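J.: Pasting upload_29.txt here (compact mmCIF, C-alpha atoms):
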# COMPACT_ATOMS: atom_id res chain seq x y z
CA MET A 1 93.62 49.64 -26.30
CA GLN A 2 90.59 50.36 -28.49
CA THR A 3 88.72 47.53 -26.83
CA LEU A 4 89.48 48.82 -23.34
CA LEU A 5 88.40 52.36 -24.22
CA SER A 6 85.12 51.34 -25.80
CA TRP A 7 81.47 51.06 -24.82
CA GLY A 8 79.89 47.79 -23.85
CA ASP A 9 80.79 44.79 -21.75
CA GLN A 10 84.41 44.61 -22.90
CA GLY A 11 85.20 48.29 -22.54
CA TRP A 12 85.34 50.75 -19.65
CA LEU A 13 83.84 53.90 -21.17
CA ASP A 14 80.44 53.16 -19.65
CA ASP A 15 81.90 53.17 -16.13
CA ILE A 16 84.10 56.20 -16.78
CA PHE A 17 81.16 58.14 -18.24
CA ARG A 18 79.15 57.39 -15.10
CA GLY A 19 82.12 58.69 -13.14
CA VAL A 20 82.05 61.90 -15.19
CA LEU A 21 78.38 62.39 -14.32
CA VAL A 22 79.11 61.88 -10.62
CA THR A 23 82.01 64.37 -10.76
CA VAL A 24 79.93 67.04 -12.49
CA GLN A 25 76.96 66.46 -10.18
CA LEU A 26 79.19 66.76 -7.11
CA ALA A 27 80.78 69.98 -8.35
CA LEU A 28 77.42 71.52 -9.28
CA ALA A 29 75.89 70.51 -5.93
CA THR A 30 78.85 71.97 -4.03
CA LEU A 31 78.97 75.29 -5.89
CA PRO A 32 75.77 77.00 -4.61
CA VAL A 33 76.36 75.81 -1.03
CA GLY A 34 79.95 77.02 -1.11
CA LEU A 35 78.97 80.37 -2.63
CA LEU A 36 76.26 80.97 -0.04
CA LEU A 37 78.51 80.03 2.87
CA GLY A 38 81.34 82.12 1.45
CA PHE A 39 79.06 85.14 1.06
CA LEU A 40 77.78 84.81 4.64
CA VAL A 41 81.30 84.42 6.02
CA ALA A 42 82.40 87.52 4.07
CA LEU A 43 79.50 89.46 5.59
CA ALA A 44 80.54 88.25 9.04
CA LYS A 45 84.17 89.25 8.50
CA GLN A 46 83.22 92.83 7.65
CA SER A 47 80.54 93.09 10.32
CA ALA A 48 80.64 95.76 13.00
CA GLU A 49 80.13 93.01 15.58
CA PRO A 50 83.55 91.76 16.83
CA THR A 51 82.21 88.28 17.62
CA LEU A 52 81.11 87.76 14.00
CA ARG A 53 84.44 89.03 12.67
CA ILE A 54 86.35 86.64 14.91
CA ALA A 55 84.09 83.72 14.00
CA GLY A 56 84.54 84.43 10.29
CA SER A 57 88.32 84.66 10.63
CA VAL A 58 88.48 81.41 12.64
CA TYR A 59 86.33 79.66 10.01
CA THR A 60 88.55 80.66 7.10
CA THR A 61 91.75 79.95 9.05
CA ILE A 62 90.61 76.40 9.85
CA PHE A 63 89.37 75.35 6.44
CA ARG A 64 92.10 77.10 4.48
CA GLY A 65 94.74 75.66 6.80
CA LEU A 66 93.62 72.03 6.84
CA PRO A 67 94.51 69.78 3.88
CA GLU A 68 91.40 69.16 1.79
CA LEU A 69 91.81 65.40 2.07
CA LEU A 70 91.97 65.59 5.86
CA THR A 71 88.82 67.73 5.93
CA LEU A 72 87.11 65.14 3.75
CA PHE A 73 88.11 62.29 6.09
CA LEU A 74 86.94 64.22 9.17
CA ILE A 75 83.55 64.92 7.62
CA TYR A 76 83.11 61.40 6.26
CA PHE A 77 84.23 59.36 9.26
CA GLY A 78 83.27 61.84 11.97
CA VAL A 79 79.95 63.22 10.68
CA ALA A 80 78.38 61.65 7.59
CA LEU A 81 79.09 57.99 8.24
CA PRO A 82 77.87 57.92 11.89
CA ILE A 83 74.76 60.01 11.12
CA PHE A 84 73.74 58.07 8.04
CA THR A 85 74.44 54.74 9.75
CA TYR A 86 72.21 55.74 12.66
CA LEU A 87 69.42 57.65 10.90
CA PHE A 88 69.42 55.99 7.48
CA PRO A 89 70.81 52.47 7.91
CA GLY A 90 69.60 51.54 4.44
CA ALA A 91 71.41 54.39 2.68
CA SER A 92 74.00 53.28 0.14
CA ASP A 93 77.68 53.99 0.59
CA GLN A 94 77.59 56.12 -2.56
CA VAL A 95 74.97 58.46 -1.10
CA THR A 96 76.92 58.81 2.14
CA SER A 97 80.15 59.47 0.25
CA PHE A 98 78.45 62.01 -2.03
CA ILE A 99 76.97 63.97 0.88
CA ALA A 100 80.25 63.89 2.79
CA GLY A 101 82.15 65.05 -0.28
CA MET A 102 79.69 67.87 -0.90
CA ILE A 103 79.91 69.09 2.70
CA ALA A 104 83.70 68.91 2.88
CA LEU A 105 84.25 70.58 -0.50
CA SER A 106 81.66 73.25 0.35
CA LEU A 107 83.51 74.12 3.55
CA VAL A 108 86.83 74.40 1.75
CA PHE A 109 85.36 76.26 -1.24
CA SER A 110 83.50 78.73 0.99
CA SER A 111 86.61 79.56 3.01
CA TYR A 112 88.37 80.73 -0.16
CA ALA A 113 85.25 82.26 -1.71
CA SER A 114 84.76 84.38 1.41
CA GLU A 115 88.11 86.07 0.74
CA VAL A 116 87.08 86.77 -2.86
CA PHE A 117 83.77 88.24 -1.70
CA LEU A 118 85.49 90.25 1.03
CA SER A 119 87.89 91.80 -1.47
CA ALA A 120 84.95 92.60 -3.75
CA PHE A 121 83.06 94.24 -0.88
CA ARG A 122 86.06 96.42 -0.11
CA ALA A 123 86.36 97.43 -3.76
CA ILE A 124 82.85 98.92 -3.76
CA PRO A 125 82.96 102.58 -2.67
CA ARG A 126 81.08 103.47 0.49
CA GLY A 127 79.22 106.08 -1.53
CA GLN A 128 77.32 103.29 -3.30
CA TYR A 129 75.72 102.28 -0.01
CA GLU A 130 75.01 105.87 0.96
CA GLY A 131 73.46 106.52 -2.46
CA GLY A 132 71.05 103.64 -1.92
CA TYR A 133 70.09 104.87 1.53
CA SER A 134 69.62 108.41 0.24
CA VAL A 135 66.89 107.34 -2.20
CA GLY A 136 65.00 105.50 0.52
CA LEU A 137 66.25 101.94 0.06
CA SER A 138 66.51 99.70 3.09
CA ASN A 139 69.69 97.79 3.96
CA GLY A 140 68.37 94.68 2.23
CA GLN A 141 67.26 96.57 -0.88
CA THR A 142 70.57 98.40 -1.09
CA MET A 143 72.43 95.11 -0.87
CA ARG A 144 70.22 93.43 -3.48
CA LEU A 145 69.81 96.26 -5.98
CA VAL A 146 73.01 98.27 -5.63
CA VAL A 147 75.77 96.21 -4.07
CA LEU A 148 75.20 92.65 -5.34
CA PRO A 149 75.31 93.48 -9.09
CA GLN A 150 78.68 95.18 -8.59
CA LEU A 151 79.86 92.45 -6.25
CA VAL A 152 79.20 89.73 -8.81
CA ARG A 153 81.10 91.60 -11.52
CA ILE A 154 84.12 92.21 -9.29
CA ALA A 155 84.19 88.74 -7.73
CA LEU A 156 83.54 86.76 -10.92
CA PRO A 157 87.19 86.27 -12.03
CA GLY A 158 88.23 85.00 -8.60
CA LEU A 159 85.20 82.75 -8.28
CA SER A 160 85.86 81.38 -11.76
CA ASN A 161 89.31 80.24 -10.67
CA LEU A 162 87.81 78.65 -7.56
CA TRP A 163 85.34 76.72 -9.72
CA LEU A 164 88.19 75.19 -11.70
CA ILE A 165 89.95 74.28 -8.46
CA LEU A 166 86.71 72.75 -7.14
CA LEU A 167 86.35 70.67 -10.30
CA LYS A 168 89.81 69.19 -9.72
CA ASP A 169 89.30 68.73 -5.98
CA THR A 170 86.34 66.44 -6.63
CA ALA A 171 88.95 63.78 -7.40
CA LEU A 172 89.61 63.59 -3.66
CA VAL A 173 86.27 61.86 -3.05
CA SER A 174 87.64 58.72 -4.69
CA ALA A 175 89.46 58.21 -1.37
CA ILE A 176 86.12 57.58 0.38
CA GLY A 177 84.79 55.29 -2.33
CA LEU A 178 82.64 57.63 -4.44
CA ALA A 179 82.51 56.37 -8.02
CA ASP A 180 83.84 59.51 -9.70
CA ILE A 181 86.22 59.76 -12.65
CA LEU A 182 89.35 58.92 -10.68
CA ARG A 183 87.72 56.04 -8.80
CA GLN A 184 86.45 54.45 -11.99
CA THR A 185 89.78 54.79 -13.76
CA GLN A 186 91.55 53.36 -10.69
CA ILE A 187 89.34 50.28 -10.87
CA ALA A 188 89.92 49.93 -14.60
CA ALA A 189 93.68 50.33 -14.16
CA ARG A 190 93.78 47.72 -11.39
CA VAL A 191 91.72 45.17 -13.30
CA THR A 192 93.40 45.58 -16.68
CA LYS A 193 96.93 46.38 -15.43
CA GLU A 194 96.92 49.35 -17.85
CA ALA A 195 97.47 52.12 -15.32
CA PHE A 196 99.12 54.62 -17.68
CA LEU A 197 96.37 54.24 -20.25
CA PHE A 198 93.48 54.86 -17.89
CA PHE A 199 95.10 57.54 -15.76
CA GLY A 200 96.17 59.31 -18.93
CA PHE A 201 92.59 59.09 -20.17
CA ALA A 202 91.40 60.54 -16.85
CA CYS A 203 93.75 63.49 -17.43
CA LEU A 204 92.12 64.11 -20.80
CA VAL A 205 88.64 63.97 -19.28
CA TYR A 206 89.52 66.54 -16.62
CA LEU A 207 91.12 68.76 -19.23
CA VAL A 208 87.99 68.60 -21.37
CA LEU A 209 85.85 69.55 -18.37
CA ALA A 210 88.21 72.45 -17.63
CA ILE A 211 88.04 73.67 -21.25
CA ILE A 212 84.24 73.50 -21.26
CA SER A 213 84.15 75.34 -17.94
CA SER A 214 86.54 78.03 -19.19
CA TYR A 215 84.36 78.58 -22.26
CA GLY A 216 81.22 78.82 -20.12
CA ILE A 217 82.92 81.22 -17.71
CA GLY A 218 84.04 83.35 -20.63
CA GLN A 219 80.49 83.60 -21.91
CA ILE A 220 79.23 84.60 -18.46
CA GLU A 221 81.91 87.30 -18.18
CA LYS A 222 80.96 88.63 -21.61
CA ALA A 223 77.29 88.70 -20.63
CA VAL A 224 78.11 90.59 -17.43
CA GLY A 225 80.28 93.00 -19.40
CA ARG A 226 77.48 93.66 -21.88
CA GLN A 227 75.08 94.40 -19.04
CA ASP A 228 77.55 96.92 -17.58
CA MET A 229 77.93 98.63 -20.95
CA ALA A 230 74.14 98.79 -21.37
CA LYS A 231 73.87 100.63 -18.06
How does this structure look as structure tokens?
T.:
Amino acid sequence: MQTLLSWGDQGWLDDIFRGVLVTVQLALATLPVGLLLGFLVALAKQSAEPTLRIAGSVYTTIFRGLPELLTLFLIYFGVALPIFTYLFPGASDQVTSFIAGMIALSLVFSSYASEVFLSAFRAIPRGQYEGGYSVGLSNGQTMRLVVLPQLVRIALPGLSNLWLILLKDTALVSAIGLADILRQTQIAARVTKEAFLFFGFACLVYLVLAIISSYGIGQIEKAVGRQDMAK
């Protein structure tokens, strides 16, 4: 057991650690894309234009209704693989899988994040907008200086939960061959015939990532709270 969970040629920690890096990189790459898409969809869903509201509702209905794994397969086999094969024939399978995973997870993440943002928008009194306009701020300035700081504070708890879900959902990319934590532990389990050992170790790794994330989120929430008190 100690030999299997060790560094070097006889152990598997080197491969699993590389899988951890891939998992964290995928989650961090997905987060800003998902947040931006979710924010834009939330804006569309509260727009005065009916077409935008319908488009936003259809978007969230589709990507909240489809299983995440099915979305991943559709993006990988229907979009990423054909495009990369045609435009970048020399691209590695890992790059294609990473991009497909990032796109698929961003779509799913944004569909849920849009609901969090929409609830936060609705929690901000209309008087906050009118106050910004009354002092001569434009729509963009009001959004940036008045609304967004409050929006972040209100949406942060919900977005924090979505981050933890995203971190776990990265395990799905092992199904398209990306060498993440689960993929590396699957290989180790198959080669060594020690499935319980390596899958149990994968559980510990994900739990450690979740604990670190929870601590980081807590520090961000405290920082935001201190800023509110200072105001």
J.: Closest to A:Ala155 among A:Leu35, A:Leu21, A:Ala27, A:Val205, using only C-alpha atoms?
T.: A:Leu35
J.: Which neighbours of A:Met102 fall inside 7 Å, counting all atoms listed in the file, when residues of the same chain fewer than 2 positions from it are skipped, and could you give them as a list of chain:residue names?
T.: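 The residues satisfying every condition are A:Leu26, A:Ala29, A:Thr30, A:Phe98, A:Ile99, A:Ala100, A:Ala104, A:Leu105, A:Ser106.
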J.: Determine the nearest neighbour of A:Gly158 from the options A:Val116, A:Val224, A:Ile103, A:Val24, counting only C-alpha atoms.
T.: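 Looking at the shortest contact to A:Gly158, the residue is A:Val116.
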J.: Nearest to A:Leu28 among A:Ser97, A:Ser214, A:Thr170, A:Ser119, with distances taken over only C-alpha atoms: which residue is it?
T.: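 Of the candidates, the smallest distance to A:Leu28 is held by A:Thr170.
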J.: Would you mind listing what lies within 8 Å of A:Tyr76 as a PyMOL selection string, with only C-alpha atoms counted and same-chain residues fewer than 4 positions away left out?
T.: chain A and resi 72+80-81+96-97+100-101+176
J.: Could you tell me how far atom CA of A:Tyr133 lies from atom CA of A:Gly56, in Å and to one decimal?
T.: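 Distance reported for this atom pair: 26.5 Å.
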J.: Which of these residues is nearest to A:Ala195, using all atoms listed in the file: A:Glu221, A:Thr71, A:Leu162, A:Leu4?
T.: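 Nearest to A:Ala195: A:Leu4.
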J.: Just how far from atom CA of A:Val173 is atom CA of A:Ala91, in Å to one decimal?
T.: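 Straight-line distance from atom CA of A:Ala91 to atom CA of A:Val173 works out to 17.6 Å.
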J.: From the options A:Leu159, A:Val146, A:Val41, A:Leu118, which residue's atoms come nearest to A:Glu130, counting all atoms listed in the file?
T.: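 Ranking A:Leu159, A:Val146, A:Val41, A:Leu118 by distance to A:Glu130, first place goes to A:Val146.
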J.: For the interface of stretch 118-165 of chain A with stretch 206-213 of chain A (cut-off 10 Å, counting all atoms listed in the file), please tabulate each contacting residue of stretch 118-165 of chain A alongside its nearest pair of atoms and their separation in Å to one decimal, rows sorted by chain and increasing number, as a Markdown table.
T.:
| residue | atom | partner | partner_atom | distance |
| --- | --- | --- | --- | --- |
| A:Ser160 | CA | A:Ser213 | CA | 8.8 |
| A:Trp163 | CA | A:Ser213 | CA | 8.4 |
| A:Leu164 | CA | A:Ala210 | CA | 6.5 |
| A:Ile165 | CA | A:Ala210 | CA | 9.5 |
J.: Which is closer to A:Phe63 than all the others in A:Ile181, A:Val108, A:Ile187, A:Ala202, using all atoms listed in the file?
T.: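 Answer, going by the shortest atom-to-atom distance: A:Val108.
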J.: Using all atoms listed in the file, which protein or nucleic acid residues come within 12 Å of A:Ser6? Drop anything in the same chain fewer than 5 positions from it, and give the result as a PyMOL selection string.
T.: chain A and resi 1+11-17
J.: Write out as a VMD selection string each polymer residue whose atoms come within 10 Å of A:Ile154, counting all atoms listed in the file; drop sequence neighbours fewer than 6 positions from it.
T.: chain A and resid 116 to 117 119 to 121 123 to 124 148
J.: Could you tell me how far atom CA of A:Leu43 sits from atom CA of A:Gly218, in Å to one decimal place?
T.: 27.3 Å
